[in-house]
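Note sheet for the following structure.
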Amino acid sequence: MIDVEHLSIGFGETVILEDLSFSVQRGEIFVILGGSGSGKTSLLKCMIDLLQPLAGTIRIEGVEKTGLNGGPPSYGVLFQSGALLGSMTLLENVRLPLEKWTPLDNTAIDAIARSKLRLVGLEGFEAYLPAEISGGMKKRAGIARALALESPLLFLDEPSAGLDPVTAVELDDLILTLNSSLGMTMVIVTHELESIFKISRRCIMLDRDARGIIARGDPRELREQASDPRALNFFNRISPGA
Amino acid sequence: MDSEAGHAELRFSGELNFRDASQLSGDVRRLLEPLAGLVRFDLSRVQALDGGSTAVLLELQSELSQRGARAEIVGAEGSVRKLLELYQSRPARLAPLHPEDAGFFDHVGRLTLEWLAELRGMLAFGGDVLAYGLAALRAPRSIHWRDVGGLMERAGVGGLPIVTLVNFLVGLVIGFQSAVQLEQLGADIFLADLVVLSVTRELGPLMTAIVVAGRSGAAYAAELGTMTVSEEIDALETMRLDAYRFLVLPRLLALLIIVPMLTLIADVVGSLGGLVVGVIALDLPVAAYLNEAHFALVDLGSGHHVAMGLLKSVFFGAAIALISCQRGLAARGGAAGVGRATTSAVVTTLFALIILDAGFTILGHVFDF
C-alpha cells in the first residue's frame, strides 16, 4: 500500500535520515520506532505531506506523493496531542472534514459523525469541548475525526504517549478493533514497547547515528535475535552503557 | 423494492459509499411513503459498504422505528455483516464528566456560581499581589528585576508613537470643536485653558491608559495565558519560582512607572495639538497660547490638574497590569482559552479605567482637588 524508496530527510545541510526504503502492506499495523531524535516524527511528517524529503519517493497505492494538494486527504492522521480544534465541540470536530469534503446533507453528516464518536466510545460526549475531556478521550476523538472520511489508511503519532497504562491498553484495543473490523492499514510512530508487542507484527527501527533503519521485522523476534546490538538493547530495555 | 400490504422490502446491491449517503437516505425515505408496518433492508446483494453508509443505514432504521414501523436489516454476510455488528455495538460508555443540565434554574445557578468563583479569584489575586508586594518591599531582591527594564521598554518606547499620535489628535479635535464656539464669543484665548485642562486632567491619562491596555495589557494576558495552558506556570511553581514575584510584580512595576511617564508626554503633545489649532484657526500667537496654558495650569489650579492626571495614571497602570495578569493566569482550555482571556482582559480593563476615572472625578469634586 505504501512504498518508500531511497528517501532522505533533513533540514538545510543537516541530514536526519538517508536512503530509507521500506513498504507497508495493505491491512497491516506497521510501526516506526526509534529513540528520541532518530527522525521517526520527521519520517511521519514526510508521509503525511507536512515535510518535503530531500530525495526519494513515497508512493501510496502506486501514486507518488508530491506534497499537499488541494484535494481531500487520502488518509487520516491522529496527532500526538489529538490536535482537536479547541473552539469546537467533539461533534463539530468530527463533522469538520465531512462538511469540507463531502456533498452530504446535514442529517447524514450528523449521523456519520455521531457514529464515529460512538465507535471510539465517546457517545454522550458530543457537546464537550476538547478542554473539558481527558488526554485519552482527546486521542479517541482524534481517531474519530481521522476516520470521518473513511480513508483506508491511518497514521498515528505516539498514540499511547502521556496516557496511563489502562487508557493506553484501551487505546491499543481500539486500534486492533479498527484494524480487524475495518481492514484499515495503520502506520504508527511510537516507542512504547508494550504497545508495539501487542499491536504490531512488522516494524522498522530508526537510529540517529545510523541515520536510517537498523532493524526490521516482527518486534517479538527482534527482541530475541536483532542483529544490531542497539536494536537488541532497545527491545530489551537495556541502557547502552549498562 | 417489493411492497405488499403493511410490508416493504428494499434490496440494496453493489457497493455503498458514504459520499452517496444523502441520496441513499433521500431515496429510502421517498420509497417508504406511505410508511409500511414492517420494513426490511435486504443487504444480501451488497458487495461492500463503508462506515459512513453503515451509520446512515442504522440511522434510517432508528428513524423508522421512532415513526412506529418495525425496521430490520437482513441478509448481511461477511465483511458487510462484520461492519454492521461493529457499528451496532455499544463500546463501554465513559461516565460523563459533569452532570447534565437540569434546566433553566440549574443553568442560572451554575452561571452565578461561576461568576462568584471568578470574583473570589480576582479578590484573592488582588490580595496575593498586595501581600507579595509588601513582602517584596522588605526583600526587594526577590523580585525578578531583570525583566522590568525590558517590560518598561516594550510598554514605553514601543507604545510612544501611538500614544503621541493619539493624544496629539485628541488635542487637535478638542481644539477644533472648541475654536468654533469660542470665536463666536470672542474668547479665543481661552482655547488654551480648555484644551490644556481637558488633556492634563482627563483625556491625557485616559487615552494613554486605553492605548497601554490595548497594547501591553492584551500582550500580558496572552503571554501569561499561553504560559498557563502550556503548563509553564506549573513548571515555575514546581521550581518554587512564584508566578507573582516572577511574572506579575515586574509587569506591575513596569506599568506603574511607564504609564505616568507616557501620560506626561501625552499632556505635552495633547496641548500642542490645541496650539496648532489656535495658531491655524484662531490666529493666536504661540506665546499667548503658552502664557494662557501656564496660567491655567500653574497659577489658576496651583498645579493640581497635572498632579491629578498623574495620580490617576498610577492607578490606571496598576489596574491594567493586575487585571491583565489575573486574566492571563486564569486562562483555561488551550488556544481558545487564551483568546477568551485576552478579550476579557481588555474589556474588563477598559471598564475598570472608566470606573476609576469617574471615581477620581467625583472625589476631586468632593475634596475640591
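All residue names refer to the C-alpha cells as shown: chains lettered A, B, ... in order, residues numbered from 1 in each chain, ligands numbered from 1 in order.
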Using only C-alpha atoms, what table do you get, as JSON lines, when you list each residue of chain A with an atom no more than 10 Å from chain B, its nearest pair of atoms, and their distance in Å rounded to one decimal, rows by chain then rising number?
{"residue": "A:Leu85", "atom": "CA", "partner": "B:Ala336", "partner_atom": "CA", "distance": 8.6}
{"residue": "A:Gly86", "atom": "CA", "partner": "B:Ala336", "partner_atom": "CA", "distance": 5.7}
{"residue": "A:Ser87", "atom": "CA", "partner": "B:Ala336", "partner_atom": "CA", "distance": 5.5}
{"residue": "A:Met88", "atom": "CA", "partner": "B:Ala336", "partner_atom": "CA", "distance": 9.3}
{"residue": "A:Leu98", "atom": "CA", "partner": "B:Arg19", "partner_atom": "CA", "distance": 9.3}
{"residue": "A:Trp101", "atom": "CA", "partner": "B:Arg19", "partner_atom": "CA", "distance": 9.2}
{"residue": "A:Thr102", "atom": "CA", "partner": "B:Arg19", "partner_atom": "CA", "distance": 6.1}
{"residue": "A:Pro103", "atom": "CA", "partner": "B:Arg19", "partner_atom": "CA", "distance": 6.9}
{"residue": "A:Leu104", "atom": "CA", "partner": "B:Ser22", "partner_atom": "CA", "distance": 5.3}
{"residue": "A:Asp105", "atom": "CA", "partner": "B:Ser22", "partner_atom": "CA", "distance": 5.9}
{"residue": "A:Asn106", "atom": "CA", "partner": "B:Ser22", "partner_atom": "CA", "distance": 8.9}
{"residue": "A:Thr107", "atom": "CA", "partner": "B:Ser22", "partner_atom": "CA", "distance": 8.1}
{"residue": "A:Ala108", "atom": "CA", "partner": "B:Ser22", "partner_atom": "CA", "distance": 6.0}
{"residue": "A:Ile109", "atom": "CA", "partner": "B:Gly52", "partner_atom": "CA", "distance": 8.7}
{"residue": "A:Asp110", "atom": "CA", "partner": "B:Val56", "partner_atom": "CA", "distance": 9.3}
{"residue": "A:Ala111", "atom": "CA", "partner": "B:Val56", "partner_atom": "CA", "distance": 6.1}
{"residue": "A:Ile112", "atom": "CA", "partner": "B:Gly52", "partner_atom": "CA", "distance": 5.3}
{"residue": "A:Ala113", "atom": "CA", "partner": "B:Gly52", "partner_atom": "CA", "distance": 8.5}
{"residue": "A:Arg114", "atom": "CA", "partner": "B:Ala55", "partner_atom": "CA", "distance": 8.5}
{"residue": "A:Ser115", "atom": "CA", "partner": "B:Ala55", "partner_atom": "CA", "distance": 5.9}
{"residue": "A:Lys116", "atom": "CA", "partner": "B:Gly51", "partner_atom": "CA", "distance": 8.3}
{"residue": "A:Arg118", "atom": "CA", "partner": "B:Arg90", "partner_atom": "CA", "distance": 7.1}
{"residue": "A:Leu119", "atom": "CA", "partner": "B:Tyr87", "partner_atom": "CA", "distance": 6.5}
{"residue": "A:Val120", "atom": "CA", "partner": "B:Pro91", "partner_atom": "CA", "distance": 7.3}
{"residue": "A:Gly121", "atom": "CA", "partner": "B:Pro91", "partner_atom": "CA", "distance": 5.2}
{"residue": "A:Leu122", "atom": "CA", "partner": "B:Arg93", "partner_atom": "CA", "distance": 6.6}
{"residue": "A:Glu123", "atom": "CA", "partner": "B:Arg93", "partner_atom": "CA", "distance": 6.5}
{"residue": "A:Gly124", "atom": "CA", "partner": "B:Pro96", "partner_atom": "CA", "distance": 7.3}
{"residue": "A:Phe125", "atom": "CA", "partner": "B:Pro96", "partner_atom": "CA", "distance": 7.2}
{"residue": "A:Tyr128", "atom": "CA", "partner": "B:Leu97", "partner_atom": "CA", "distance": 9.3}
{"residue": "A:Leu129", "atom": "CA", "partner": "B:Gly333", "partner_atom": "CA", "distance": 8.6}
{"residue": "A:Pro130", "atom": "CA", "partner": "B:Gly333", "partner_atom": "CA", "distance": 7.7}
{"residue": "A:Ala131", "atom": "CA", "partner": "B:Gly333", "partner_atom": "CA", "distance": 4.5}
{"residue": "A:Glu132", "atom": "CA", "partner": "B:Gly333", "partner_atom": "CA", "distance": 7.5}
{"residue": "A:Ile133", "atom": "CA", "partner": "B:Leu97", "partner_atom": "CA", "distance": 7.6}
{"residue": "A:Ser134", "atom": "CA", "partner": "B:Leu97", "partner_atom": "CA", "distance": 9.5}
{"residue": "A:Met137", "atom": "CA", "partner": "B:Leu94", "partner_atom": "CA", "distance": 9.2}
{"residue": "A:Leu147", "atom": "CA", "partner": "B:Gly51", "partner_atom": "CA", "distance": 8.7}
{"residue": "A:Ala148", "atom": "CA", "partner": "B:Gly52", "partner_atom": "CA", "distance": 7.7}
{"residue": "A:Leu149", "atom": "CA", "partner": "B:Gly52", "partner_atom": "CA", "distance": 8.0}
{"residue": "A:Glu150", "atom": "CA", "partner": "B:Gly51", "partner_atom": "CA", "distance": 6.7}
{"residue": "A:Ser151", "atom": "CA", "partner": "B:Asp50", "partner_atom": "CA", "distance": 9.7}
{"residue": "A:Pro152", "atom": "CA", "partner": "B:Asp50", "partner_atom": "CA", "distance": 9.9}
{"residue": "A:Leu174", "atom": "CA", "partner": "B:Pro91", "partner_atom": "CA", "distance": 9.7}
{"residue": "A:Thr177", "atom": "CA", "partner": "B:Leu86", "partner_atom": "CA", "distance": 8.8}
{"residue": "A:Leu178", "atom": "CA", "partner": "B:Leu86", "partner_atom": "CA", "distance": 9.1}
{"residue": "A:Ser180", "atom": "CA", "partner": "B:Lys82", "partner_atom": "CA", "distance": 9.7}
{"residue": "A:Ser181", "atom": "CA", "partner": "B:Leu83", "partner_atom": "CA", "distance": 6.4}
{"residue": "A:Leu182", "atom": "CA", "partner": "B:Leu83", "partner_atom": "CA", "distance": 6.9}
{"residue": "A:Gly183", "atom": "CA", "partner": "B:Ser79", "partner_atom": "CA", "distance": 9.3}
Near-Leu156 in chain A list (10 Å; only C-alpha atoms; drop same-chain fewer than 6 positions) as an MDAnalysis selection string: chainID A and resid 31 44 76:80 82 139 142:143 146 175 186:190
Residues flagged strand (DSSP E) by DSSP in range 46-190 of chain A, as an mmCIF file with C-alpha atoms, in the first residue's frame:
data_model
loop_
_atom_site.group_PDB
_atom_site.id
_atom_site.type_symbol
_atom_site.label_atom_id
_atom_site.label_comp_id
_atom_site.auth_asym_id
_atom_site.auth_seq_id
_atom_site.Cartn_x
_atom_site.Cartn_y
_atom_site.Cartn_z
ATOM 1 C CA ALA A 55 15.403 12.928 -2.059
ATOM 2 C CA GLY A 56 13.489 9.732 -2.791
ATOM 3 C CA THR A 57 9.849 8.900 -3.284
ATOM 4 C CA ILE A 58 6.808 7.840 -1.287
ATOM 5 C CA ARG A 59 4.032 6.038 -3.169
ATOM 6 C CA ILE A 60 0.598 5.334 -1.772
ATOM 7 C CA VAL A 63 0.695 7.095 -6.747
ATOM 8 C CA GLU A 64 3.751 9.189 -5.953
ATOM 9 C CA GLY A 76 -6.462 10.045 8.343
ATOM 10 C CA VAL A 77 -3.979 11.303 10.928
ATOM 11 C CA LEU A 78 -4.020 11.141 14.710
ATOM 12 C CA LEU A 153 -5.057 4.411 5.742
ATOM 13 C CA LEU A 154 -4.464 5.873 9.190
ATOM 14 C CA PHE A 155 -1.267 7.453 10.545
ATOM 15 C CA LEU A 156 -0.928 7.655 14.320
ATOM 16 C CA ASP A 157 1.763 9.685 16.069
ATOM 17 C CA THR A 185 -3.871 -0.007 7.205
ATOM 18 C CA MET A 186 -2.191 1.734 10.097
ATOM 19 C CA VAL A 187 1.228 3.325 10.376
ATOM 20 C CA ILE A 188 2.099 4.056 13.973
ATOM 21 C CA VAL A 189 5.024 6.047 15.284
#
Shell around Val46 in chain B at 9 Å using only C-alpha atoms, local window under 3 positions removed, as a PyMOL selection string: chain B and resi 11-16+42-43+49+75-77+80
Could those selected residues go to a file with C-alpha atoms, as a PDB file, in the first residue's frame?
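This went into out-v3.pdb:
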ATOM      1  CA  ARG B  11     -32.996  -4.554  -1.730  1.00  0.00           C
ATOM      2  CA  PHE B  12     -29.599  -2.879  -1.891  1.00  0.00           C
ATOM      3  CA  SER B  13     -26.882  -4.047  -4.246  1.00  0.00           C
ATOM      4  CA  GLY B  14     -23.334  -3.226  -5.306  1.00  0.00           C
ATOM      5  CA  GLU B  15     -21.066  -1.020  -3.242  1.00  0.00           C
ATOM      6  CA  LEU B  16     -22.487   1.556  -0.832  1.00  0.00           C
ATOM      7  CA  ASP B  42     -32.037  -6.544   2.361  1.00  0.00           C
ATOM      8  CA  LEU B  43     -28.235  -6.296   2.102  1.00  0.00           C
ATOM      9  CA  LEU B  49     -20.153  -0.809   2.308  1.00  0.00           C
ATOM     10  CA  GLY B  75     -29.077 -10.648   4.501  1.00  0.00           C
ATOM     11  CA  ALA B  76     -25.751  -9.088   5.500  1.00  0.00           C
ATOM     12  CA  GLU B  77     -22.856 -11.513   5.147  1.00  0.00           C
ATOM     13  CA  VAL B  80     -20.757  -6.310   5.464  1.00  0.00           C
TER      14      VAL B  80
END
Test item, alpha helix (DSSP H) assignment across range 84-214 of chain A, answer as a VMD selection string: chain A and resid 90 to 101 106 to 119 135 to 147 165 to 182 193 to 199
Writing out the chosen residues with C-alpha atoms as a PDB file, in the first residue's frame:
ATOM      1  CA  LEU A  90     -16.145  16.973  19.697  1.00  0.00           C
ATOM      2  CA  LEU A  91     -19.067  16.530  17.295  1.00  0.00           C
ATOM      3  CA  GLU A  92     -18.111  19.666  15.376  1.00  0.00           C
ATOM      4  CA  ASN A  93     -14.516  18.469  15.183  1.00  0.00           C
ATOM      5  CA  VAL A  94     -15.601  15.178  13.598  1.00  0.00           C
ATOM      6  CA  ARG A  95     -18.116  16.919  11.328  1.00  0.00           C
ATOM      7  CA  LEU A  96     -15.427  19.287  10.006  1.00  0.00           C
ATOM      8  CA  PRO A  97     -13.825  17.045   7.303  1.00  0.00           C
ATOM      9  CA  LEU A  98     -17.239  15.763   6.228  1.00  0.00           C
ATOM     10  CA  GLU A  99     -18.540  19.320   5.773  1.00  0.00           C
ATOM     11  CA  LYS A 100     -15.430  20.301   3.865  1.00  0.00           C
ATOM     12  CA  TRP A 101     -15.031  17.310   1.590  1.00  0.00           C
ATOM     13  CA  ASN A 106     -26.632  17.974   7.496  1.00  0.00           C
ATOM     14  CA  THR A 107     -28.582  14.912   8.694  1.00  0.00           C
ATOM     15  CA  ALA A 108     -26.205  12.432   7.076  1.00  0.00           C
ATOM     16  CA  ILE A 109     -23.134  14.296   8.331  1.00  0.00           C
ATOM     17  CA  ASP A 110     -24.563  14.304  11.832  1.00  0.00           C
ATOM     18  CA  ALA A 111     -25.387  10.586  11.718  1.00  0.00           C
ATOM     19  CA  ILE A 112     -21.899   9.707  10.457  1.00  0.00           C
ATOM     20  CA  ALA A 113     -20.085  11.964  12.946  1.00  0.00           C
ATOM     21  CA  ARG A 114     -22.092  10.593  15.878  1.00  0.00           C
ATOM     22  CA  SER A 115     -21.438   7.022  14.750  1.00  0.00           C
ATOM     23  CA  LYS A 116     -17.676   7.680  14.673  1.00  0.00           C
ATOM     24  CA  LEU A 117     -17.755   9.077  18.200  1.00  0.00           C
ATOM     25  CA  ARG A 118     -19.815   6.075  19.325  1.00  0.00           C
ATOM     26  CA  LEU A 119     -17.313   3.771  17.635  1.00  0.00           C
ATOM     27  CA  GLY A 135      -5.928  13.150  27.238  1.00  0.00           C
ATOM     28  CA  GLY A 136      -7.139   9.634  26.380  1.00  0.00           C
ATOM     29  CA  MET A 137     -10.527  10.948  25.318  1.00  0.00           C
ATOM     30  CA  LYS A 138      -8.863  13.580  23.135  1.00  0.00           C
ATOM     31  CA  LYS A 139      -6.983  10.812  21.332  1.00  0.00           C
ATOM     32  CA  ARG A 140     -10.193   8.826  20.864  1.00  0.00           C
ATOM     33  CA  ALA A 141     -11.881  11.918  19.453  1.00  0.00           C
ATOM     34  CA  GLY A 142      -8.838  12.484  17.220  1.00  0.00           C
ATOM     35  CA  ILE A 143      -9.241   8.936  15.885  1.00  0.00           C
ATOM     36  CA  ALA A 144     -12.961   9.533  15.285  1.00  0.00           C
ATOM     37  CA  ARG A 145     -12.081  12.622  13.234  1.00  0.00           C
ATOM     38  CA  ALA A 146      -9.389  10.705  11.336  1.00  0.00           C
ATOM     39  CA  LEU A 147     -11.991   8.030  10.475  1.00  0.00           C
ATOM     40  CA  PRO A 165      -1.374   2.184  31.347  1.00  0.00           C
ATOM     41  CA  VAL A 166      -5.070   1.277  31.455  1.00  0.00           C
ATOM     42  CA  THR A 167      -6.062   4.004  28.994  1.00  0.00           C
ATOM     43  CA  ALA A 168      -3.093   3.079  26.786  1.00  0.00           C
ATOM     44  CA  VAL A 169      -4.242  -0.562  26.688  1.00  0.00           C
ATOM     45  CA  GLU A 170      -7.799   0.544  25.879  1.00  0.00           C
ATOM     46  CA  LEU A 171      -6.466   2.644  23.021  1.00  0.00           C
ATOM     47  CA  ASP A 172      -4.418  -0.305  21.742  1.00  0.00           C
ATOM     48  CA  ASP A 173      -7.580  -2.441  21.830  1.00  0.00           C
ATOM     49  CA  LEU A 174      -9.434   0.214  19.861  1.00  0.00           C
ATOM     50  CA  ILE A 175      -6.645   0.297  17.261  1.00  0.00           C
ATOM     51  CA  LEU A 176      -6.761  -3.510  16.939  1.00  0.00           C
ATOM     52  CA  THR A 177     -10.562  -3.458  16.604  1.00  0.00           C
ATOM     53  CA  LEU A 178     -10.467  -0.801  13.883  1.00  0.00           C
ATOM     54  CA  ASN A 179      -7.739  -2.688  12.069  1.00  0.00           C
ATOM     55  CA  SER A 180      -9.503  -6.052  12.143  1.00  0.00           C
ATOM     56  CA  SER A 181     -13.072  -4.830  11.601  1.00  0.00           C
ATOM     57  CA  LEU A 182     -12.492  -2.072   9.074  1.00  0.00           C
ATOM     58  CA  LEU A 193       7.340  -1.265  23.751  1.00  0.00           C
ATOM     59  CA  GLU A 194       4.300  -2.890  25.351  1.00  0.00           C
ATOM     60  CA  SER A 195       2.094  -1.330  22.748  1.00  0.00           C
ATOM     61  CA  ILE A 196       4.429  -2.360  19.923  1.00  0.00           C
ATOM     62  CA  PHE A 197       4.489  -6.010  21.014  1.00  0.00           C
ATOM     63  CA  LYS A 198       0.717  -6.059  21.382  1.00  0.00           C
ATOM     64  CA  ILE A 199      -0.464  -4.458  18.163  1.00  0.00           C
TER      65      ILE A 199
END
